[in-house]
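The file start29.cif contains mmCIF, C-alpha atoms:
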```cif
data_structure
#
loop_
_atom_site.label_atom_id
_atom_site.label_comp_id
_atom_site.auth_asym_id
_atom_site.auth_seq_id
_atom_site.Cartn_x
_atom_site.Cartn_y
_atom_site.Cartn_z
CA MET A 1136 4.33 19.29 -20.86
CA THR A 1137 7.50 21.18 -20.04
CA PRO A 1138 10.99 19.74 -20.87
CA GLY A 1139 11.64 19.15 -17.14
CA LEU A 1140 8.50 17.01 -16.85
CA TRP A 1141 9.42 15.06 -19.98
CA PHE A 1142 12.88 14.42 -18.53
CA MET A 1143 11.45 13.14 -15.23
CA ALA A 1144 8.86 10.93 -16.93
CA THR A 1145 11.46 9.49 -19.32
CA ALA A 1146 13.96 8.80 -16.50
CA ALA A 1147 11.30 7.02 -14.38
CA ALA A 1148 10.09 5.02 -17.39
CA LEU A 1149 13.68 4.02 -18.27
CA VAL A 1150 14.43 2.79 -14.75
CA ALA A 1151 11.17 0.79 -14.64
CA THR A 1152 11.79 -0.66 -18.12
CA VAL A 1153 15.37 -1.71 -17.29
CA LEU A 1154 14.05 -3.46 -14.14
CA LEU A 1155 11.44 -5.28 -16.23
CA LEU A 1156 13.95 -6.29 -18.94
CA LEU A 1157 16.42 -7.61 -16.36
CA HIS A 1158 13.81 -10.15 -15.30
CA LEU A 1159 13.88 -11.67 -18.79
CA ILE A 1160 17.35 -13.04 -17.97
CA PRO A 1161 17.06 -16.44 -16.18
CA ALA A 1162 20.20 -15.85 -14.10
CA TYR A 1163 18.82 -12.52 -12.87
CA ARG A 1164 15.49 -14.15 -11.96
CA ALA A 1165 17.33 -16.74 -9.83
CA TYR A 1166 19.48 -14.01 -8.28
CA SER A 1167 16.37 -11.93 -7.56
CA ALA A 1168 14.71 -14.86 -5.74
CA ARG A 1169 17.88 -15.55 -3.69
CA ARG A 1170 18.14 -11.87 -2.77
CA PHE A 1171 14.50 -11.86 -1.69
CA GLY A 1172 15.11 -15.00 0.41
CA ARG A 1173 18.03 -13.33 2.20
CA ALA A 1174 15.96 -10.19 2.83
CA VAL A 1175 13.04 -12.12 4.36
CA TRP A 1176 15.35 -14.55 6.19
CA LEU A 1177 14.25 -17.76 4.47
CA ALA A 1178 16.55 -20.40 3.02
CA MET A 1179 15.86 -21.19 -0.64
CA PRO A 1180 13.64 -24.26 -0.98
CA THR A 1181 14.41 -27.23 -3.22
CA GLY A 1182 12.51 -29.22 -5.86
CA GLU A 1183 9.19 -28.03 -7.23
CA LEU A 1184 8.81 -25.37 -4.55
CA LEU A 1185 11.95 -23.59 -5.77
CA ALA A 1186 10.42 -23.03 -9.23
CA SER A 1187 7.17 -21.83 -7.66
CA VAL A 1188 8.99 -19.43 -5.29
CA GLU A 1189 11.14 -18.01 -8.12
CA ARG A 1190 8.06 -17.48 -10.29
CA ARG A 1191 6.18 -15.72 -7.47
CA VAL A 1192 9.15 -13.51 -6.52
CA VAL A 1193 9.63 -12.48 -10.16
CA ARG A 1194 5.90 -11.73 -10.51
CA ARG A 1195 6.16 -9.53 -7.43
CA ASP A 1196 9.32 -7.77 -8.69
CA VAL A 1197 7.74 -7.09 -12.09
CA ALA A 1198 4.27 -6.04 -10.88
CA GLY A 1199 5.37 -2.85 -9.09
CA PRO A 1200 7.39 -1.28 -11.96
CA LEU A 1201 4.70 -2.39 -14.43
CA GLY A 1202 2.03 -0.60 -12.36
CA GLY A 1203 4.29 2.46 -12.18
CA LEU A 1204 4.78 2.43 -15.97
CA PHE A 1205 1.02 2.19 -16.60
CA ALA A 1206 0.41 5.07 -14.20
CA LEU A 1207 3.15 7.14 -15.89
CA ALA A 1208 1.64 6.51 -19.34
CA ILE A 1209 -1.82 7.59 -18.15
CA ILE A 1210 -0.50 10.71 -16.38
CA VAL A 1211 1.75 11.77 -19.28
CA ALA A 1212 -1.16 11.32 -21.72
CA GLY A 1213 -3.44 13.30 -19.38
CA LEU A 1214 -0.95 16.14 -18.81
CA SER A 1215 -0.16 16.33 -22.55
CA ALA A 1216 -3.88 16.54 -23.37
CA VAL A 1217 -4.52 19.25 -20.76
CA GLY A 1218 -1.28 21.14 -21.46
CA VAL A 1219 1.02 22.25 -18.63
CA SER A 1220 2.25 25.85 -18.51
CA PRO A 1221 5.53 26.70 -16.70
CA ASP A 1222 3.36 28.14 -13.86
CA ASP A 1223 1.79 24.71 -13.28
CA ASP A 1224 5.12 22.89 -13.51
CA PHE A 1225 5.49 22.37 -9.74
CA ALA A 1226 2.02 20.87 -9.30
CA ALA A 1227 2.41 18.73 -12.43
CA THR A 1228 5.73 17.36 -11.12
CA TRP A 1229 3.97 16.12 -8.01
CA VAL A 1230 1.14 14.64 -10.06
CA LEU A 1231 3.81 12.64 -11.90
CA VAL A 1232 5.66 11.55 -8.74
CA GLY A 1233 2.49 10.78 -6.75
CA GLY A 1234 0.89 8.91 -9.64
CA PHE A 1235 4.05 6.81 -10.14
CA PHE A 1236 4.08 5.78 -6.45
CA VAL A 1237 0.35 4.96 -6.48
CA GLY A 1238 0.85 2.99 -9.73
CA ILE A 1239 3.59 0.88 -8.09
CA ALA A 1240 1.30 0.18 -5.12
CA VAL A 1241 -1.64 -0.75 -7.37
CA GLY A 1242 0.62 -3.07 -9.42
CA SER A 1243 1.84 -4.85 -6.27
CA ALA A 1244 -1.70 -5.20 -4.90
CA ALA A 1245 -3.06 -6.50 -8.22
CA ASN A 1246 -0.29 -9.12 -8.34
CA ALA A 1247 -0.89 -10.29 -4.77
CA LEU A 1248 -4.66 -10.50 -5.30
CA THR A 1249 -4.42 -12.46 -8.56
CA ASP A 1250 -1.71 -14.99 -7.58
CA ARG A 1251 -3.47 -18.34 -7.78
CA SER A 1252 -0.57 -20.76 -7.37
CA GLY A 1253 -0.82 -23.65 -4.92
CA PRO A 1254 -0.12 -27.34 -4.44
CA PRO A 1255 -1.38 -29.82 -7.07
CA ALA A 1256 -4.85 -31.32 -6.66
CA GLY A 1257 -4.89 -34.23 -4.24
CA ALA A 1258 -1.86 -33.00 -2.22
CA VAL A 1259 -1.96 -32.38 1.53
CA ASN A 1260 -2.85 -28.77 2.30
CA TYR A 1261 -1.48 -26.86 5.28
CA ALA A 1262 -2.95 -23.82 7.03
CA ARG A 1263 -2.48 -21.81 10.16
CA ALA A 1264 -4.98 -22.60 12.97
CA GLU A 1265 -5.03 -19.01 14.26
CA ALA A 1266 -6.30 -15.95 12.41
CA VAL A 1267 -3.66 -13.53 11.15
CA ARG A 1268 -3.86 -9.74 11.32
CA LEU A 1269 -2.23 -6.87 9.49
CA SER A 1270 -0.10 -6.34 12.60
CA ASP A 1271 1.44 -9.80 11.98
CA TYR A 1272 2.82 -8.73 8.59
CA VAL A 1273 3.66 -5.02 8.73
CA ALA A 1274 5.79 -3.51 11.50
CA PRO A 1275 4.15 -0.75 13.61
CA ILE A 1276 6.72 1.83 12.45
CA GLU A 1277 5.48 1.41 8.84
CA ARG A 1278 1.78 0.76 9.57
CA GLN A 1279 1.23 3.56 12.07
CA GLY A 1280 3.88 5.75 10.43
CA ALA A 1281 1.96 5.78 7.13
CA ARG A 1282 -1.31 6.66 8.85
CA GLY A 1283 0.41 9.30 11.01
CA VAL A 1284 2.21 11.18 8.22
CA VAL A 1285 -0.83 11.20 5.91
CA VAL A 1286 -3.15 12.49 8.66
CA ALA A 1287 -0.52 15.10 9.67
CA SER A 1288 -0.14 16.21 6.03
CA VAL A 1289 -3.94 16.60 5.70
CA VAL A 1290 -4.06 18.71 8.88
CA VAL A 1291 -1.09 20.95 7.87
CA GLY A 1292 -2.40 21.18 4.29
CA GLY A 1293 -5.83 22.20 5.60
CA ILE A 1294 -4.38 24.90 7.86
CA LEU A 1295 -2.27 26.33 5.01
CA SER A 1296 -5.26 26.29 2.66
CA VAL A 1297 -7.31 28.31 5.17
CA LEU A 1298 -4.39 30.73 5.68
CA SER A 1299 -3.98 31.12 1.94
CA ALA A 1300 -7.70 31.72 1.39
CA THR A 1301 -7.97 34.34 4.14
CA ASP A 1302 -4.78 36.26 3.35
CA ASP A 1303 -4.18 37.43 -0.22
CA GLN A 1304 -0.69 38.65 0.67
CA THR A 1305 0.79 35.22 1.35
CA GLY A 1306 3.54 33.87 -0.83
CA LEU A 1307 2.22 30.31 -0.91
CA THR A 1308 2.86 29.98 -4.62
CA GLY A 1309 3.48 26.23 -4.55
CA LEU A 1310 0.54 25.31 -2.31
CA SER A 1311 -1.44 23.68 -5.13
CA GLY A 1312 1.51 21.37 -5.86
CA ALA A 1313 1.84 20.45 -2.19
CA LEU A 1314 -1.90 19.73 -1.94
CA VAL A 1315 -1.60 17.40 -4.94
CA VAL A 1316 0.94 15.30 -3.00
CA VAL A 1317 -1.36 15.37 0.06
CA ALA A 1318 -4.24 14.11 -2.12
CA PHE A 1319 -2.10 11.30 -3.58
CA GLY A 1320 -1.05 10.36 -0.04
CA VAL A 1321 -4.70 10.06 1.01
CA VAL A 1322 -5.50 7.97 -2.08
CA ALA A 1323 -2.50 5.72 -1.39
CA LEU A 1324 -3.54 5.29 2.26
CA VAL A 1325 -7.11 4.33 1.26
CA LEU A 1326 -5.65 1.86 -1.28
CA PHE A 1327 -3.44 0.38 1.44
CA GLU A 1328 -6.28 -0.03 3.96
CA LEU A 1329 -8.65 -1.60 1.40
CA GLY A 1330 -5.96 -3.69 -0.31
CA ALA A 1331 -4.60 -4.99 3.01
CA ARG A 1332 -8.08 -6.07 4.09
CA ARG A 1333 -8.64 -7.94 0.82
CA LEU A 1334 -5.19 -9.51 0.93
CA LEU A 1335 -5.59 -10.77 4.49
CA ALA A 1336 -9.05 -12.18 3.82
CA ARG A 1337 -7.79 -14.11 0.81
CA GLY A 1338 -6.65 -17.66 1.46
CA ARG A 1339 -3.99 -19.49 -0.52
CA PRO A 1340 -3.37 -23.23 -0.35
CA ALA A 1341 0.11 -24.33 0.75
CA GLY A 1342 1.51 -27.82 0.21
CA SER A 1343 4.00 -27.71 3.11
CA PRO A 1344 4.89 -25.56 6.14
CA THR A 1345 7.85 -24.23 4.09
CA GLU A 1346 5.48 -23.07 1.36
CA LEU A 1347 3.30 -21.47 4.04
CA ALA A 1348 6.33 -19.56 5.37
CA TRP A 1349 7.18 -18.35 1.83
CA ASP A 1350 3.56 -17.35 1.32
CA ASP A 1351 3.73 -15.30 4.53
CA ALA A 1352 6.98 -13.69 3.31
CA LEU A 1353 5.43 -12.73 -0.05
CA ARG A 1354 2.20 -11.53 1.59
CA SER A 1355 4.21 -9.39 4.02
CA SER A 1356 6.28 -8.03 1.16
CA SER A 1357 3.17 -7.10 -0.86
CA LEU A 1358 1.64 -5.37 2.15
CA ARG A 1359 4.90 -3.47 2.71
CA ASP A 1360 4.92 -2.41 -0.95
CA LEU A 1361 1.39 -1.11 -0.44
CA VAL A 1362 2.25 0.83 2.73
CA THR A 1363 5.36 2.42 1.18
CA ALA A 1364 3.28 4.68 -1.11
CA PRO A 1365 1.33 6.53 1.63
CA LEU A 1366 4.41 6.57 3.87
CA ALA A 1367 6.61 8.21 1.21
CA LEU A 1368 3.91 10.55 -0.11
CA GLY A 1369 2.84 11.65 3.40
CA PHE A 1370 6.47 12.32 4.28
CA TYR A 1371 7.19 14.27 1.06
CA SER A 1372 4.00 16.31 1.40
CA LEU A 1373 4.94 17.38 4.94
CA LEU A 1374 8.37 18.43 3.64
CA VAL A 1375 6.82 20.43 0.78
CA LEU A 1376 4.23 22.03 3.10
CA GLY A 1377 6.95 22.95 5.62
CA GLY A 1378 8.97 24.54 2.82
CA GLU A 1379 5.91 26.48 1.65
CA LEU A 1380 5.29 27.85 5.14
CA ALA A 1381 8.96 28.78 5.61
CA ASN A 1382 9.24 30.50 2.22
CA GLY A 1383 5.78 32.06 1.96
CA TYR A 1384 5.75 33.88 5.27
CA THR A 1385 7.98 35.93 7.51
CA GLY A 1386 8.20 36.05 11.30
CA GLN A 1387 6.56 33.37 13.47
CA ALA A 1388 4.90 31.52 10.59
CA ALA A 1389 8.24 31.14 8.80
CA THR A 1390 9.81 29.90 12.05
CA ALA A 1391 6.98 27.39 12.40
CA GLY A 1392 7.63 26.23 8.82
CA MET A 1393 11.34 25.79 9.51
CA ALA A 1394 10.53 23.92 12.74
CA LEU A 1395 8.20 21.62 10.78
CA LEU A 1396 10.89 21.00 8.16
CA ILE A 1397 13.58 20.26 10.73
CA GLY A 1398 11.18 18.11 12.76
CA ILE A 1399 10.22 16.04 9.73
CA VAL A 1400 13.86 15.55 8.72
CA VAL A 1401 14.82 14.50 12.28
CA VAL A 1402 11.83 12.13 12.62
CA GLY A 1403 12.51 10.73 9.14
CA PHE A 1404 16.17 10.13 9.95
CA ALA A 1405 15.28 8.48 13.29
CA ALA A 1406 12.71 6.25 11.52
CA LEU A 1407 15.35 5.31 8.94
CA VAL A 1408 17.81 4.29 11.68
CA VAL A 1409 15.13 2.27 13.51
CA THR A 1410 14.19 0.59 10.20
CA LEU A 1411 17.80 -0.35 9.46
CA ILE A 1412 18.21 -1.82 12.94
CA THR A 1413 14.86 -3.65 13.28
CA ARG A 1414 14.70 -4.91 9.63
CA PRO A 1415 10.90 -4.69 9.06
CA GLN A 1416 11.18 -7.14 6.11
CA ARG A 1417 11.83 -9.86 8.74
CA TYR A 1418 9.12 -8.68 11.13
CA TYR A 1419 6.57 -11.25 9.86
CA LEU A 1420 8.99 -14.11 10.69
CA ARG A 1421 9.42 -12.97 14.28
CA ARG A 1422 5.62 -12.66 14.67
CA LEU A 1423 4.39 -15.74 12.81
CA TRP A 1424 7.39 -18.09 12.92
CA PRO A 1425 9.26 -17.22 16.14
CA GLU A 1426 11.00 -20.63 16.35
CA LEU A 1427 12.21 -20.32 12.75
CA ALA A 1428 13.32 -16.71 13.35
CA ALA A 1429 15.41 -17.84 16.33
CA THR A 1430 17.28 -20.39 14.19
CA GLN A 1431 17.77 -17.94 11.29
CA ASP A 1432 19.86 -15.68 13.53
CA THR A 1433 22.72 -18.11 13.06
CA ALA A 1434 21.78 -19.29 9.54
CA PHE A 1435 22.14 -15.83 7.93
CA MET B 446 -0.68 -25.75 12.08
CA LEU B 447 -3.49 -27.66 10.36
CA ALA B 448 -3.09 -30.23 7.58
CA VAL B 449 -5.83 -31.84 5.51
CA ASP B 450 -5.10 -34.86 3.32
CA PRO B 451 -7.73 -35.26 0.57
CA LYS B 452 -6.62 -38.88 0.03
CA SER B 453 -7.22 -39.88 3.67
CA PRO B 454 -10.19 -42.20 4.39
CA VAL B 455 -11.13 -39.77 7.21
CA PRO B 456 -13.42 -37.05 5.84
CA PRO B 457 -11.79 -33.57 5.67
CA PHE B 458 -14.34 -32.19 8.13
CA GLU B 459 -13.35 -34.82 10.73
CA GLN B 460 -9.61 -34.35 10.10
CA LEU B 461 -10.02 -30.65 10.78
CA ARG B 462 -12.19 -31.13 13.88
CA LEU B 463 -9.78 -33.66 15.44
CA GLN B 464 -6.78 -31.36 14.91
CA PHE B 465 -8.57 -28.39 16.47
CA VAL B 466 -9.64 -30.51 19.47
CA GLU B 467 -6.09 -31.84 19.92
CA GLN B 468 -4.56 -28.36 19.71
CA VAL B 469 -7.06 -26.85 22.16
CA ARG B 470 -6.54 -29.73 24.64
CA SER B 471 -2.74 -29.53 24.40
CA GLY B 472 -2.78 -25.76 24.86
CA GLU B 473 -1.18 -25.15 21.46
CA LEU B 474 -4.30 -23.11 20.71
CA ALA B 475 -4.68 -20.97 23.81
CA ALA B 476 -7.95 -19.70 25.24
CA GLY B 477 -8.97 -16.50 23.47
CA ALA B 478 -7.07 -17.31 20.27
CA LYS B 479 -9.00 -16.15 17.22
CA LEU B 480 -9.67 -18.72 14.51
CA PRO B 481 -9.49 -17.84 10.80
CA THR B 482 -12.76 -16.97 9.09
CA VAL B 483 -14.63 -19.85 7.49
CA ARG B 484 -13.92 -18.55 3.99
CA ARG B 485 -10.20 -17.93 4.63
CA LEU B 486 -9.62 -21.38 6.13
CA ALA B 487 -11.63 -23.03 3.36
CA ASP B 488 -9.47 -21.22 0.75
CA ASP B 489 -6.25 -22.14 2.60
CA LEU B 490 -7.12 -25.82 2.79
CA GLY B 491 -8.85 -26.11 -0.58
CA LEU B 492 -12.13 -27.13 1.12
CA ALA B 493 -15.74 -26.07 0.61
CA PRO B 494 -16.80 -23.33 3.05
CA ASN B 495 -19.63 -25.59 4.26
CA THR B 496 -17.07 -28.18 5.43
CA VAL B 497 -15.26 -25.63 7.61
CA ALA B 498 -18.55 -24.10 8.82
CA ARG B 499 -19.78 -27.55 9.91
CA CYS B 500 -16.49 -28.16 11.76
CA TYR B 501 -16.79 -24.81 13.60
CA ARG B 502 -20.42 -25.56 14.52
CA GLU B 503 -19.47 -28.91 16.04
CA LEU B 504 -16.50 -27.43 17.91
CA GLU B 505 -18.81 -24.76 19.33
CA ARG B 506 -21.43 -27.35 20.33
CA ASP B 507 -18.72 -29.30 22.19
CA GLY B 508 -17.46 -26.19 24.02
CA PHE B 509 -14.04 -25.90 22.34
CA ILE B 510 -14.74 -22.60 20.61
CA GLU B 511 -17.24 -19.77 20.92
CA THR B 512 -18.59 -17.45 18.26
CA ARG B 513 -18.77 -13.77 19.19
CA GLY B 514 -21.09 -12.45 16.50
CA ARG B 515 -19.29 -10.64 13.71
CA ASN B 516 -16.01 -10.62 15.66
CA GLY B 517 -15.43 -14.25 14.67
CA SER B 518 -14.72 -17.53 16.44
CA PHE B 519 -12.42 -17.83 19.45
CA VAL B 520 -10.99 -20.73 21.44
CA SER B 521 -12.90 -21.21 24.70
CA ALA B 522 -11.11 -21.64 28.02
CA GLN B 523 -11.07 -25.29 29.11
CA GLY B 524 -11.24 -27.00 32.55
CA ASP B 525 -12.77 -25.71 35.83
CA ALA B 526 -13.47 -22.04 36.60
CA ALA B 527 -9.99 -21.36 38.08
CA GLU B 528 -8.22 -22.98 35.14
CA GLN B 529 -10.36 -21.00 32.71
CA GLN B 530 -9.50 -17.70 34.47
CA ALA B 531 -5.79 -18.60 34.42
CA GLN B 532 -5.96 -19.34 30.69
CA VAL B 533 -7.64 -16.00 29.96
CA ALA B 534 -4.96 -14.20 32.04
CA ALA B 535 -2.22 -16.09 30.15
CA ARG B 536 -3.72 -14.99 26.83
CA THR B 537 -3.80 -11.36 27.98
CA TYR B 538 -0.14 -11.60 29.04
CA ALA B 539 0.86 -13.25 25.74
CA ASP B 540 -0.91 -10.54 23.71
CA ARG B 541 0.84 -7.80 25.71
CA VAL B 542 4.24 -9.49 25.29
CA ARG B 543 3.72 -9.65 21.51
CA GLN B 544 2.70 -5.98 21.45
CA LEU B 545 5.90 -5.05 23.27
CA GLY B 546 8.03 -7.16 20.93
CA VAL B 547 9.52 -9.12 23.86
CA SER B 548 10.95 -12.54 22.95
CA PRO B 549 8.88 -15.60 24.02
CA ASP B 550 11.91 -17.01 25.90
CA ASP B 551 12.26 -13.87 28.04
CA ALA B 552 8.51 -13.73 28.67
CA LEU B 553 8.46 -17.37 29.78
CA ALA B 554 11.48 -16.84 32.04
CA TRP B 555 9.80 -13.92 33.79
CA VAL B 556 6.56 -15.86 34.30
CA THR B 557 8.51 -18.81 35.72
CA ALA B 558 10.42 -16.48 38.06
CA ALA B 559 7.19 -14.77 39.14
CA LEU B 560 5.49 -18.10 39.86
CA ARG B 561 8.44 -19.23 41.98
CA GLY B 562 8.75 -15.89 43.79
#
```
What is this structure when it is put down as structure tokens?
Amino acid sequence: MTPGLWFMATAAALVATVLLLLHLIPAYRAYSARRFGRAVWLAMPTGELLASVERRVVRRDVAGPLGGLFALAIIVAGLSAVGVSPDDDFAATWVLVGGFFVGIAVGSAANALTDRSGPPAGAVNYARAEAVRLSDYVAPIERQGARGVVVASVVVGGILSVLSATDDQTGLTGLSGALVVVAFGVVALVLFELGARRLLARGRPAGSPTELAWDDALRSSSLRDLVTAPLALGFYSLLVLGGELANGYTGQAATAGMALLIGIVVVGFAALVVTLITRPQRYYLRRLWPELAATQDTAF
Amino acid sequence: MLAVDPKSPVPPFEQLRLQFVEQVRSGELAAGAKLPTVRRLADDLGLAPNTVARCYRELERDGFIETRGRNGSFVSAQGDAAEQQAQVAARTYADRVRQLGVSPDDALAWVTAALRG
């Protein structure tokens, strides 16, 4: 591995480790749960439910970085075994970044699918009478956005691959690196679709409507963690592919590459603004608990 | 919302059936609403899948729900033919309103205005 790759891997591992260590401090765990409650628009519960909610929020906070660390360890070991020359540095960087994102998503999914908490035996159990769908938990801008950018990156990546194969004179030197990100985006999207299906099919007993609302918040959060990987990787891969097209060609192809780059940046910025305004972390509350959402407007 | 009390003298299957019937009759569960899968509801309520399956079978026999093959179980429209058609139309409107992200209060106000117009 090159020094640059080692630096990136060490920085990512340090950030993930600090996040994990912070959760060993009880005050930080309580703060983390309160912060999550504010983000998902739910007031902190009291009594036994408070301990259960804190434990589940901490599990969720720890699972993502832990998955990312595992993925980093595997990728660093793999790249060290194979050996990365300076020529392969660009592609290897994206293997590292893509693998880290996918690792975070896998960690979040594994946590959500293995959480077995619930009310004590003999307690009253509550459940929703209507079936829930993915569209109840993840806002369209994230759900359709992830699918859209990954499909677009596959199409653009495919076109550039054909161009590169048919024209030896192209300057698409970083195409292999860009295609690595595209591949990770596809893997992350498949993980999201399969993981979301499993997560929605899985029931979880709740001892009160409040616990049911918290369960919905955590389920929505896990699904949003899962969708972030394909969304980010699809977006990055389109940026890298646009840059390749702009740099590797001259004339109309370069103009098309610049147009793609500018278009992606504009769409990305617009999506960011819409996200900040619509707060997708509270989307599940408006869909599944509209009466509660209406009262939270004044509570928060 | 459904609640099952394991300590109640009423069997869980009957508690579940009565709540579904009440919610369908009151309109809380509208015609066309999709019910959770047997396995999901059994997991949610800590019941055996057979208990939920038996409840669904009895609800279907009594005309409260209908099973559409692999698509799942749905609440049937209740009342005479005109009432059933109105309930189906209401469900279609509600689904569209949710898709558009319109608030339930606004949607209700527009329906009320349209009915009075």
### Query
Leaving out Val1193 (chain A) and any residue of its chain fewer than 5 positions from it, which residues lie within 8 Å of it when counting all atoms listed in the file, given as a VMD selection string?
chain A and resid 1158 1164 1167 to 1168
### Task
Tell me, in Å to one decimal, how far CA of Ala1364 (chain A) is from CA of Arg1282 (chain A).
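Computing the Euclidean distance for CA of Ala1364 (chain A) and CA of Arg1282 (chain A) yields 11.1 Å.
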### Task
Would you translate the PyMOL selection byres ((chain A) within 10 of (chain B)) into the concrete set of residues it matches in this file, as a count of residues only?
35
### Within 6 Å of region 495-500 of chain B using all atoms listed in the file, minus same-chain residues under 3 positions, as a list of chain:residue names
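Selected residues are B:Phe458, B:Arg462, B:Val483, B:Glu503.
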### Query
What is the distance between CA of Leu1295 (chain A) and CA of Pro1221 (chain A), in Å to one decimal?
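One can read the CA of Leu1295 (chain A) to CA of Pro1221 (chain A) distance as 23.1 Å.
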### Task
Run the PyMOL selection byres ((chain B and resi 532) around 12) on the file and write out the hits as a PyMOL selection string.
chain B and resi 469+472-478+520-531+533-539
### Query
What residues come out when you apply the PyMOL selection byres ((chain A and resi 1196) around 12) to this file, written as a ChimeraX atom specification?
/A:1151,1154-1159,1163-1164,1166-1168,1170-1171,1189-1195,1197-1203,1239-1240,1242-1244,1246-1247,1353,1356-1357,1360
### Task
Work out how far CA of Leu1214 (chain A) is from CA of Ser1372 (chain A), in Å to one decimal.
20.8 Å
### Query
Do you know which residues are at most 10 Å from Ala1226 (chain A) counting only C-alpha atoms, after dropping those on the same chain fewer than 6 positions away, and could you put them as an MDAnalysis selection string?
chainID A and resid 1219 1309:1316
Skipping near chain neighbours, those fewer than 5 positions away, what residues fall within 9 Å of Thr1228 (chain A) using all atoms listed in the file, listed as an mmCIF file with C-alpha atoms, in the coordinates of the input?
```
data_model
loop_
_atom_site.group_PDB
_atom_site.id
_atom_site.type_symbol
_atom_site.label_atom_id
_atom_site.label_comp_id
_atom_site.auth_asym_id
_atom_site.auth_seq_id
_atom_site.Cartn_x
_atom_site.Cartn_y
_atom_site.Cartn_z
ATOM 1 C CA GLY A 1139 11.640 19.150 -17.140
ATOM 2 C CA LEU A 1140 8.500 17.010 -16.850
ATOM 3 C CA MET A 1143 11.450 13.140 -15.230
ATOM 4 C CA ASP A 1223 1.790 24.710 -13.280
ATOM 5 C CA GLY A 1233 2.490 10.780 -6.750
ATOM 6 C CA GLY A 1312 1.510 21.370 -5.860
#
```
#### Entry: Selection: 6 Å around region 1322-1334 of chain A, all atoms listed in the file, excl. self and same-chain fewer than 3 positions, as a ChimeraX atom specification
/A:1237,1319,1337,1361-1362,1364-1365
Just to be explicit: take each residue in the selection above, keep C-alpha atoms, and write the result as a short mmCIF file (atom, residue, chain, number, x, y, z; two decimals), in the coordinates of the input.
```cif
data_model
loop_
_atom_site.label_atom_id
_atom_site.label_comp_id
_atom_site.auth_asym_id
_atom_site.auth_seq_id
_atom_site.Cartn_x
_atom_site.Cartn_y
_atom_site.Cartn_z
CA VAL A 1237 0.35 4.96 -6.48
CA PHE A 1319 -2.10 11.30 -3.58
CA ARG A 1337 -7.79 -14.11 0.81
CA LEU A 1361 1.39 -1.11 -0.44
CA VAL A 1362 2.25 0.83 2.73
CA ALA A 1364 3.28 4.68 -1.11
CA PRO A 1365 1.33 6.53 1.63
#
```
